[in-house]
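As stored in entry.txt (compact mmCIF, C-alpha atoms):
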```
# COMPACT_ATOMS: atom_id res chain seq x y z
CA MET A 1 -90.27 101.27 124.90
CA PHE A 2 -93.66 99.59 125.34
CA GLY A 3 -95.90 99.00 122.33
CA THR A 4 -99.48 97.77 122.48
CA SER A 5 -98.20 94.32 123.51
CA GLY A 6 -95.25 95.05 125.76
CA ILE A 7 -91.59 95.30 124.78
CA ARG A 8 -90.77 93.43 121.60
CA GLY A 9 -87.97 93.42 119.04
CA ALA A 10 -84.94 91.69 117.56
CA VAL A 11 -82.74 89.83 120.04
CA GLY A 12 -79.30 91.42 120.32
CA GLU A 13 -80.58 94.71 118.93
CA GLU A 14 -83.69 96.09 120.63
CA VAL A 15 -84.02 93.25 123.15
CA THR A 16 -80.90 92.42 125.17
CA ALA A 17 -79.94 91.00 128.55
CA GLU A 18 -79.06 94.55 129.59
CA LEU A 19 -82.62 95.65 128.84
CA ALA A 20 -84.07 92.66 130.71
CA LEU A 21 -81.87 93.44 133.72
CA SER A 22 -83.10 97.04 133.66
CA VAL A 23 -86.75 96.00 133.45
CA GLY A 24 -86.29 93.65 136.41
CA ARG A 25 -84.66 96.40 138.45
CA ALA A 26 -87.39 98.88 137.53
CA VAL A 27 -90.26 96.50 138.35
CA ALA A 28 -88.82 95.72 141.79
CA SER A 29 -88.04 99.39 142.44
CA GLU A 30 -91.67 100.26 141.73
CA GLY A 31 -92.65 98.19 144.75
CA TYR A 32 -93.62 94.89 143.15
CA ASP A 33 -92.11 92.71 145.84
CA ARG A 34 -93.28 89.27 144.67
CA VAL A 35 -93.09 88.55 140.94
CA VAL A 36 -94.06 85.51 138.85
CA LEU A 37 -91.71 84.87 135.92
CA GLY A 38 -92.22 82.64 132.87
CA ARG A 39 -91.02 82.36 129.27
CA ASP A 40 -92.05 80.92 125.94
CA ALA A 41 -90.02 78.37 123.97
CA ARG A 42 -87.50 80.79 122.42
CA GLU A 43 -83.98 79.82 123.44
CA SER A 44 -83.06 83.47 124.01
CA GLY A 45 -85.69 83.50 126.74
CA ARG A 46 -83.37 81.60 129.06
CA VAL A 47 -80.73 84.36 129.04
CA LEU A 48 -83.27 87.17 129.14
CA GLY A 49 -85.13 85.49 131.98
CA GLN A 50 -81.96 85.05 134.01
CA ALA A 51 -81.08 88.71 133.51
CA LEU A 52 -84.56 89.88 134.45
CA GLU A 53 -84.57 87.66 137.51
CA ALA A 54 -81.22 89.14 138.56
CA GLY A 55 -82.61 92.66 138.25
CA LEU A 56 -85.68 91.80 140.31
CA ARG A 57 -83.70 90.13 143.06
CA GLU A 58 -81.00 92.81 143.09
CA CYS A 59 -83.69 95.32 144.08
CA GLY A 60 -85.21 93.08 146.72
CA ALA A 61 -88.07 91.31 144.92
CA ASP A 62 -88.80 87.61 145.44
CA VAL A 63 -89.25 85.61 142.22
CA VAL A 64 -91.49 82.61 141.53
CA ASP A 65 -90.07 80.96 138.41
CA LEU A 66 -92.50 78.95 136.27
CA GLY A 67 -89.95 78.17 133.57
CA LEU A 68 -91.51 77.38 130.18
CA ALA A 69 -95.17 78.43 130.35
CA ALA A 70 -97.93 79.88 128.19
CA THR A 71 -98.58 83.58 128.69
CA PRO A 72 -102.11 83.01 130.09
CA THR A 73 -100.68 80.44 132.51
CA VAL A 74 -98.29 83.07 133.87
CA ALA A 75 -100.96 85.77 133.97
CA ARG A 76 -103.35 83.56 135.92
CA ALA A 77 -100.57 82.47 138.30
CA VAL A 78 -100.00 86.06 139.46
CA GLY A 79 -103.37 86.07 141.22
CA THR A 80 -103.28 82.42 142.26
CA LEU A 81 -99.90 82.83 143.96
CA GLU A 82 -100.85 86.21 145.47
CA ALA A 83 -97.97 87.91 143.69
CA ASP A 84 -97.74 91.61 142.93
CA ALA A 85 -96.89 91.26 139.24
CA GLY A 86 -96.00 88.81 136.52
CA VAL A 87 -93.45 88.89 133.72
CA VAL A 88 -93.45 86.78 130.55
CA ILE A 89 -90.40 86.62 128.30
CA THR A 90 -92.10 86.28 124.91
CA ALA A 91 -92.44 87.77 121.46
CA SER A 92 -95.82 86.04 121.07
CA HIS A 93 -96.49 85.53 117.33
CA ASN A 94 -93.32 87.31 116.12
CA PRO A 95 -90.58 85.36 114.29
CA ALA A 96 -87.85 83.39 116.06
CA THR A 97 -85.38 86.27 115.70
CA ASP A 98 -87.43 88.34 118.16
CA ASN A 99 -88.19 88.24 121.84
CA GLY A 100 -89.82 90.56 124.32
CA ILE A 101 -91.15 91.28 127.80
CA LYS A 102 -94.75 91.63 128.90
CA LEU A 103 -95.89 92.60 132.40
CA TRP A 104 -99.06 91.47 134.17
CA THR A 105 -101.16 92.56 137.14
CA PRO A 106 -102.85 90.20 139.66
CA SER A 107 -106.19 90.66 137.86
CA GLY A 108 -104.75 89.01 134.76
CA LYS A 109 -104.64 92.33 132.89
CA ALA A 110 -101.43 93.53 131.28
CA PHE A 111 -99.75 96.59 132.76
CA GLY A 112 -101.62 99.73 131.72
CA PRO A 113 -100.13 102.97 130.33
CA ASP A 114 -99.37 104.54 133.72
CA GLN A 115 -97.60 101.42 134.99
CA ARG A 116 -95.63 101.07 131.76
CA ASP A 117 -94.65 104.75 131.85
CA ALA A 118 -93.36 104.37 135.41
CA ILE A 119 -91.16 101.42 134.38
CA SER A 120 -89.89 103.31 131.32
CA ALA A 121 -89.05 106.39 133.39
CA ARG A 122 -86.97 104.41 135.86
CA ILE A 123 -85.03 102.75 133.04
CA GLU A 124 -84.40 106.03 131.23
CA GLN A 125 -83.16 107.66 134.44
CA SER A 126 -81.38 104.54 135.83
CA ASP A 127 -83.43 105.11 138.97
CA TYR A 128 -83.21 101.81 140.83
CA ASP A 129 -83.49 100.87 144.51
CA LEU A 130 -80.51 98.52 144.65
CA THR A 131 -80.25 96.62 147.92
CA ASP A 132 -77.26 95.91 150.12
CA TRP A 133 -75.47 92.59 149.98
CA ASP A 134 -77.91 90.95 152.37
CA GLY A 135 -81.12 92.37 150.91
CA HIS A 136 -81.41 90.45 147.65
CA GLY A 137 -84.69 88.71 146.93
CA THR A 138 -85.20 84.96 146.78
CA VAL A 139 -86.14 82.67 143.89
CA ARG A 140 -88.09 79.44 143.89
CA ALA A 141 -89.43 77.21 141.16
CA TYR A 142 -93.15 76.46 140.91
CA GLN A 143 -94.30 73.46 138.88
CA ASP A 144 -98.09 73.52 139.31
CA ALA A 145 -99.07 76.62 137.33
CA ALA A 146 -100.09 74.73 134.18
CA ALA A 147 -102.14 72.25 136.22
CA ASN A 148 -103.85 75.13 138.02
CA HIS A 149 -104.62 76.76 134.68
CA ALA A 150 -106.07 73.51 133.33
CA ASP A 151 -108.23 73.05 136.44
CA ALA A 152 -109.67 76.56 136.04
CA ILE A 153 -110.58 75.90 132.39
CA ARG A 154 -112.27 72.60 133.22
CA GLU A 155 -114.41 74.41 135.80
CA ALA A 156 -115.41 77.04 133.22
CA VAL A 157 -116.45 74.59 130.49
CA SER A 158 -119.07 71.84 130.37
CA LEU A 159 -118.71 69.22 127.63
CA GLU A 160 -121.25 66.42 127.39
CA THR A 161 -120.27 65.33 123.86
CA PRO A 162 -116.49 64.96 123.41
CA LEU A 163 -115.19 65.87 119.97
CA SER A 164 -112.24 64.97 117.77
CA ILE A 165 -109.73 67.82 117.60
CA VAL A 166 -106.58 68.48 115.59
CA LEU A 167 -104.43 70.87 117.62
CA ASP A 168 -101.50 72.76 116.09
CA LEU A 169 -99.33 74.12 118.90
CA GLY A 170 -96.84 75.70 116.50
CA ASN A 171 -93.87 74.44 118.58
CA GLY A 172 -94.97 76.88 121.25
CA ALA A 173 -95.83 76.83 124.95
CA GLY A 174 -99.53 75.90 124.73
CA ARG A 175 -99.40 72.27 125.81
CA VAL A 176 -102.02 72.97 128.46
CA THR A 177 -104.67 73.02 125.70
CA ALA A 178 -103.95 69.41 124.74
CA ASP A 179 -104.14 68.35 128.38
CA VAL A 180 -107.44 70.16 129.01
CA LEU A 181 -109.18 68.84 125.88
CA ALA A 182 -108.00 65.30 126.59
CA ASP A 183 -109.25 65.56 130.17
CA LEU A 184 -112.64 66.69 128.82
CA GLY A 185 -112.80 63.43 126.88
CA CYS A 186 -111.85 64.73 123.45
CA THR A 187 -109.66 62.82 121.01
CA VAL A 188 -106.70 65.14 120.37
CA THR A 189 -104.24 64.84 117.49
CA THR A 190 -101.32 67.21 118.00
CA LEU A 191 -99.25 68.92 115.32
CA ASN A 192 -95.96 70.72 116.04
CA GLY A 193 -96.27 69.74 119.69
CA GLN A 194 -92.59 69.84 120.64
CA PRO A 195 -91.64 73.24 122.11
CA ASP A 196 -88.94 74.75 119.90
CA GLY A 197 -88.40 78.50 119.71
CA SER A 198 -86.92 78.29 116.23
CA PHE A 199 -90.45 77.30 115.07
CA PRO A 200 -89.41 74.56 112.62
CA GLY A 201 -92.97 73.39 111.90
CA ARG A 202 -94.47 76.71 110.81
CA PRO A 203 -94.18 80.44 111.58
CA SER A 204 -95.38 81.36 115.05
CA GLU A 205 -98.30 83.48 113.88
CA PRO A 206 -101.33 81.26 113.14
CA ASN A 207 -103.24 82.36 110.07
CA GLU A 208 -104.63 80.85 106.90
CA GLU A 209 -101.28 81.11 105.11
CA THR A 210 -99.23 79.43 107.86
CA LEU A 211 -101.67 76.63 108.77
CA GLU A 212 -101.59 74.62 105.55
CA THR A 213 -100.84 71.34 107.34
CA LEU A 214 -103.64 71.86 109.85
CA LEU A 215 -106.12 72.73 107.10
CA GLU A 216 -105.19 69.62 105.11
CA THR A 217 -105.22 67.33 108.15
CA VAL A 218 -108.65 68.42 109.36
CA GLY A 219 -110.10 68.28 105.85
CA ALA A 220 -108.75 64.78 105.24
CA THR A 221 -109.98 63.24 108.51
CA ASP A 222 -113.20 63.00 110.50
CA ALA A 223 -112.05 65.66 112.98
CA ASP A 224 -114.75 68.00 114.23
CA LEU A 225 -112.50 71.05 114.10
CA GLY A 226 -108.91 72.27 114.19
CA ILE A 227 -107.34 74.70 116.65
CA ALA A 228 -104.03 76.58 116.50
CA HIS A 229 -102.02 78.78 118.86
CA ASP A 230 -99.17 81.20 118.49
CA GLY A 231 -95.86 80.80 120.33
CA ASP A 232 -97.10 81.79 123.78
CA ALA A 233 -100.72 80.58 123.39
CA ASP A 234 -102.42 83.87 124.12
CA ARG A 235 -103.96 83.63 120.63
CA MET A 236 -106.29 80.96 119.27
CA VAL A 237 -107.65 80.49 115.75
CA ALA A 238 -109.81 77.73 114.27
CA VAL A 239 -110.44 75.52 111.25
CA ASP A 240 -113.88 74.03 110.59
CA GLU A 241 -114.52 70.34 109.93
CA THR A 242 -114.25 70.82 106.15
CA GLY A 243 -110.70 72.13 106.45
CA ARG A 244 -111.73 75.77 105.97
CA PHE A 245 -109.98 78.48 107.98
CA VAL A 246 -112.43 80.43 110.14
CA PRO A 247 -111.97 84.17 109.56
CA LYS A 248 -110.97 85.83 112.82
CA ASP A 249 -113.73 88.43 112.59
CA VAL A 250 -116.25 85.60 112.24
CA LEU A 251 -114.77 83.79 115.24
CA LEU A 252 -115.04 87.03 117.21
CA ALA A 253 -118.69 87.33 116.16
CA LEU A 254 -119.43 83.73 117.21
CA PHE A 255 -117.82 84.14 120.64
CA ALA A 256 -119.50 87.53 121.14
CA ARG A 257 -122.95 86.29 120.10
CA GLU A 258 -122.66 83.29 122.42
CA ALA A 259 -121.49 85.33 125.42
CA ALA A 260 -123.84 88.32 125.13
CA GLY A 261 -127.53 88.82 125.69
CA GLU A 262 -130.04 91.66 125.76
CA GLY A 263 -128.36 94.85 127.02
CA ASP A 264 -124.87 93.38 127.27
CA ARG A 265 -121.81 94.91 125.64
CA VAL A 266 -118.77 93.36 124.01
CA ALA A 267 -115.40 95.14 123.92
CA ALA A 268 -113.38 95.05 120.70
CA PRO A 269 -110.90 97.38 118.98
CA VAL A 270 -111.62 100.00 116.34
CA ASP A 271 -110.56 97.68 113.49
CA THR A 272 -113.37 95.20 114.22
CA SER A 273 -115.66 94.16 111.36
CA LEU A 274 -119.28 95.16 110.88
CA THR A 275 -119.87 91.40 111.11
CA VAL A 276 -119.56 91.70 114.90
CA ASP A 277 -121.92 94.68 115.14
CA ASP A 278 -124.57 92.78 113.19
CA ALA A 279 -124.16 89.56 115.20
CA LEU A 280 -124.57 91.47 118.46
CA ALA A 281 -127.55 93.47 117.23
CA ALA A 282 -129.33 90.18 116.50
CA VAL A 283 -129.24 89.28 120.22
CA GLY A 284 -129.91 92.79 121.54
CA ALA A 285 -126.31 93.47 122.54
CA SER A 286 -123.86 96.12 121.36
CA LEU A 287 -120.18 96.72 120.66
CA THR A 288 -118.00 99.15 122.60
CA LYS A 289 -114.83 100.07 120.72
CA THR A 290 -111.34 100.32 122.21
CA PRO A 291 -107.84 101.13 120.95
CA VAL A 292 -106.04 98.15 119.45
CA GLY A 293 -104.24 96.05 122.07
CA ASP A 294 -105.43 93.45 124.53
CA VAL A 295 -104.66 95.72 127.50
CA TYR A 296 -107.28 98.21 126.23
CA VAL A 297 -109.84 95.49 125.57
CA ALA A 298 -109.17 94.08 129.05
CA GLU A 299 -109.53 97.51 130.63
CA ARG A 300 -112.94 98.00 129.01
CA ALA A 301 -113.90 94.45 129.99
CA THR A 302 -113.79 95.53 133.63
CA ASP A 303 -117.04 97.44 133.04
CA ALA A 304 -119.92 95.56 134.65
CA ASP A 305 -121.98 95.20 131.46
CA VAL A 306 -119.10 93.93 129.27
CA VAL A 307 -119.32 90.12 129.11
CA PHE A 308 -116.67 89.42 126.51
CA GLY A 309 -113.75 91.09 124.79
CA GLY A 310 -111.86 90.12 121.68
CA GLU A 311 -109.52 91.21 118.93
CA PRO A 312 -109.49 90.09 115.29
CA SER A 313 -105.87 89.10 115.93
CA GLY A 314 -107.13 86.01 117.77
CA ALA A 315 -107.06 87.27 121.37
CA TRP A 316 -110.19 86.38 123.37
CA ILE A 317 -111.12 87.54 126.90
CA TRP A 318 -113.90 86.27 129.17
CA PRO A 319 -113.71 88.75 132.07
CA ALA A 320 -115.55 86.45 134.46
CA GLU A 321 -112.61 84.03 134.10
CA THR A 322 -109.54 86.21 133.51
CA LEU A 323 -108.59 89.53 131.92
CA CYS A 324 -105.74 87.89 130.03
CA PRO A 325 -106.25 86.68 126.46
CA ASP A 326 -106.35 82.95 127.11
CA GLY A 327 -105.85 80.71 124.07
CA PRO A 328 -106.41 77.42 125.92
CA LEU A 329 -109.65 78.74 127.46
CA ALA A 330 -110.78 79.95 124.03
CA ALA A 331 -110.07 76.52 122.56
CA ALA A 332 -112.20 74.84 125.22
CA LYS A 333 -114.99 77.41 124.82
CA LEU A 334 -115.07 76.80 121.07
CA VAL A 335 -115.20 73.04 121.52
CA GLU A 336 -118.06 73.51 123.97
CA LEU A 337 -119.92 75.74 121.47
CA VAL A 338 -119.52 73.25 118.61
CA ALA A 339 -120.57 70.32 120.82
CA GLU A 340 -123.74 72.16 121.86
CA SER A 341 -124.69 73.97 118.64
CA GLY A 342 -123.61 71.77 115.76
CA PRO A 343 -120.87 71.76 113.12
CA LEU A 344 -118.47 74.69 113.10
CA SER A 345 -119.03 75.19 109.36
CA THR A 346 -122.76 75.71 109.99
CA LEU A 347 -122.02 78.22 112.74
CA VAL A 348 -119.61 80.08 110.47
CA ASP A 349 -122.15 80.21 107.64
CA SER A 350 -124.77 81.65 110.03
CA VAL A 351 -122.70 84.85 110.35
CA ASP A 352 -123.11 87.58 107.73
CA THR A 353 -119.74 88.75 106.42
CA TYR A 354 -118.59 91.67 104.32
CA PRO A 355 -115.47 92.26 102.23
CA ILE A 356 -112.66 93.61 104.36
CA ARG A 357 -109.12 94.54 103.37
CA ARG A 358 -106.21 94.69 105.79
CA ASP A 359 -102.80 96.04 104.72
CA SER A 360 -99.58 96.75 106.62
CA LEU A 361 -97.33 99.31 104.93
CA GLU A 362 -93.75 100.03 106.01
CA VAL A 363 -93.00 103.69 106.72
CA ASP A 364 -90.15 105.72 108.13
CA ARG A 365 -91.06 108.06 111.00
CA LYS A 366 -94.45 106.43 111.56
CA GLY A 367 -95.33 108.93 114.28
CA ALA A 368 -94.80 111.95 112.05
CA VAL A 369 -96.61 110.26 109.15
CA MET A 370 -99.62 109.47 111.34
CA ASP A 371 -99.72 113.07 112.59
CA ALA A 372 -99.94 114.22 108.98
CA VAL A 373 -102.64 111.62 108.21
CA VAL A 374 -104.74 112.75 111.18
CA GLU A 375 -104.47 116.40 110.17
CA SER A 376 -105.50 115.62 106.59
CA VAL A 377 -108.41 113.39 107.60
CA LEU A 378 -109.84 115.89 110.09
CA GLU A 379 -109.79 118.58 107.41
CA ARG A 380 -111.42 116.36 104.78
CA TYR A 381 -114.09 114.31 106.61
CA ASP A 382 -116.86 114.88 109.15
CA ASP A 383 -117.44 111.43 110.71
CA VAL A 384 -113.98 110.71 112.18
CA ASP A 385 -113.03 108.64 115.23
CA THR A 386 -109.54 109.32 116.65
CA LEU A 387 -109.67 106.75 119.46
CA ASP A 388 -106.72 104.91 117.86
CA GLY A 389 -105.39 106.33 114.62
CA VAL A 390 -108.18 107.69 112.42
CA ARG A 391 -111.34 105.80 111.50
CA VAL A 392 -113.60 107.34 108.85
CA ASP A 393 -117.21 106.12 108.61
CA HIS A 394 -118.91 106.53 105.23
CA GLY A 395 -122.21 104.90 106.18
CA ASP A 396 -121.87 102.10 103.64
CA GLY A 397 -118.35 101.30 104.87
CA TRP A 398 -115.34 102.60 106.74
CA PHE A 399 -111.56 102.76 106.73
CA LEU A 400 -108.94 103.00 109.47
CA LEU A 401 -105.31 104.08 109.47
CA ARG A 402 -103.26 103.49 112.61
CA ALA A 403 -99.62 103.06 113.55
CA SER A 404 -98.52 99.61 114.65
CA GLY A 405 -97.60 99.50 118.32
CA THR A 406 -94.76 97.03 117.79
CA GLN A 407 -93.39 97.49 114.24
CA PRO A 408 -92.50 100.34 111.79
CA LEU A 409 -95.81 99.92 109.99
CA ILE A 410 -99.02 101.78 109.30
CA ARG A 411 -102.04 99.44 109.39
CA VAL A 412 -104.73 100.18 106.81
CA THR A 413 -108.14 98.52 107.18
CA ALA A 414 -111.18 99.05 104.97
CA GLU A 415 -114.59 97.38 104.98
CA ALA A 416 -117.83 97.85 103.07
CA ARG A 417 -120.96 95.92 102.21
CA SER A 418 -119.83 95.38 98.62
CA ALA A 419 -116.52 94.41 97.05
CA ASP A 420 -116.39 97.40 94.69
CA ARG A 421 -116.98 99.82 97.53
CA VAL A 422 -114.36 98.30 99.81
CA ASP A 423 -111.76 98.58 97.06
CA GLU A 424 -112.66 102.26 96.65
CA LEU A 425 -112.30 102.88 100.39
CA ARG A 426 -109.00 100.99 100.55
CA ALA A 427 -107.60 103.05 97.69
CA GLU A 428 -108.85 106.23 99.36
CA ALA A 429 -107.10 105.33 102.62
CA ILE A 430 -103.82 104.38 100.94
CA GLU A 431 -103.88 107.61 98.91
CA LEU A 432 -104.16 109.55 102.19
CA LEU A 433 -101.19 107.64 103.59
CA GLU A 434 -99.04 108.17 100.50
CA SER A 435 -99.79 111.89 100.53
CA ALA A 436 -98.81 112.11 104.20
CA LYS A 437 -95.47 110.41 103.51
CA ASN A 438 -94.49 113.09 100.95
```
Translate this structure into structure tokens?
Amino acid sequence: MFGTSGIRGAVGEEVTAELALSVGRAVASEGYDRVVLGRDARESGRVLGQALEAGLRECGADVVDLGLAATPTVARAVGTLEADAGVVITASHNPATDNGIKLWTPSGKAFGPDQRDAISARIEQSDYDLTDWDGHGTVRAYQDAAANHADAIREAVSLETPLSIVLDLGNGAGRVTADVLADLGCTVTTLNGQPDGSFPGRPSEPNEETLETLLETVGATDADLGIAHDGDADRMVAVDETGRFVPKDVLLALFAREAAGEGDRVAAPVDTSLTVDDALAAVGASLTKTPVGDVYVAERATDADVVFGGEPSGAWIWPAETLCPDGPLAAAKLVELVAESGPLSTLVDSVDTYPIRRDSLEVDRKGAVMDAVVESVLERYDDVDTLDGVRVDHGDGWFLLRASGTQPLIRVTAEARSADRVDELRAEAIELLESAKN
């Protein structure tokens, strides 16, 4: 039921009001008596939110309804409002046809495996603590969560030189970023700023292919940089002042290098580029690898010597601030870095990069296929990491095969210090996958 990023799927098929009702009942029955609820801009979120609220209240939980809100706004509000849990109705960067449900703890960390398993078990067994007629929980609206989120970001960032920013919100729920940057004195030009869950301006996932308008706008103006979010603003990506998309591995390296010092560690998943290892080694820090998924990065970020966590997907975590990937905070941190250290293009060029290939291949029975891949790899190679899928290190490069947590896909990643070698490793990994499918 739960992938690496909560429940997610097509509305009316995998994700229904019946499912949302069941999740609400299960959360309340697990003893989460006060729950913060929010949703992204998808229209289906209204119905799903109402159903989930009904399930919570039917089992005695009180609900604090934030309405339309960014995922990090909801996650932060759980602790601020002294609630027991938070729920966001969102499919994050998925297309408009999808929606989903993600659960949060008061620390700002997503529900971990044990908590998710407990919710799943109750739903599978229809094991709910339904209350009598006079035991239903209450609901109240709360309007200050976004303002509280903005205040926290302003306290975490110092900006002496305001910049000019082009901000592409992707018709999502990340308006708090525009407010924060404007309050810091920046000049902010907004693209796709009207929340609309059909995502008319561009697809919800922000990447080089979907951000053509942002790239052109930044390149044609005197803006210092461009910033983009996905639909629920837990992700943040960037464009430098020349209109060049900043590779996500490079952005991870820049954030990691800035946050870490001698002896510090940075948490990132097993598909992270050698670029990050090299950037950290230059400042005496090191990388600690996690399974893919922000909940695993956040869990590792609770270690005392981990000062930052990130994923090449565009999720960034500063554990001293929150354990939730916080796109608005990341935007402000990047603006602060550029204001202090010079043009973003110069920062990007200061990071050594290597050719990396990322593929997503559709498969039937992805679990069985991955089992066959693991068996084959363990027989064939010596230096194998099975933390999440199988990662094979060849010394001059590596490849990774892992099952997607949210889609019927096998992710294939390969990286090496030369283009010819990375193509060899990619072909080697895909050959292993094709053999496992047969």
* To do: Fewer than 3 positions away in the same chain doesn't count, so skip those; otherwise give me all residues within 9 Å of Ala83 in chain A, counting all atoms listed in the file, as JSON, numbers by chain.
  => {"A": [32, 33, 34, 35, 36, 64, 77, 78, 79, 80, 86, 105, 106]}
Contacts of range 350-432 of chain A with range 246-262 of chain A up to 9 Å, shortest pair per row, only C-alpha atoms, as a tab-separated table:
```
residue	atom	partner	partner_atom	distance
A:Val351	CA	A:Val250	CA	6.8
A:Asp352	CA	A:Val250	CA	8.4
A:Thr353	CA	A:Val250	CA	7.5
```
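Compared by their closest atoms to Ile227 in chain A, and using only C-alpha atoms, the residues A:Ala279, A:Leu130, A:Gln194, A:Leu344 rank with A:Leu344 nearest.
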* List every protein, DNA or RNA residue that has at least one atom no more than 8 Å from (-87.1, 102.2, 130.7) in the file's coordinates, counting only C-alpha atoms, and write the result as number ranges by chain. => A: 1, 22-23, 26, 119-125
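Closest approach to Arg140 in chain A from the set A:Arg57, A:Val297, A:Pro95, A:Pro203 is made by A:Arg57, with distances taken over all atoms listed in the file.
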* Residue nearest Asn171 in chain A among A:Leu191, A:Val218, A:Leu361, A:Leu159 (counting all atoms listed in the file) -> A:Leu191
* If you count all atoms listed in the file, which residues fall within 12 Å of Asp385 in chain A, apart from same-chain ones fewer than 4 positions away, as a PyMOL selection string? -> chain A and resi 270-271+289-291+374+377-378+381+389-394+398-402
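For the residues A:Asp264, A:Glu362, A:Asp383, A:Asp278, ranking by smallest atom-to-atom distance to Leu433 in chain A using all atoms listed in the file places A:Glu362 first.
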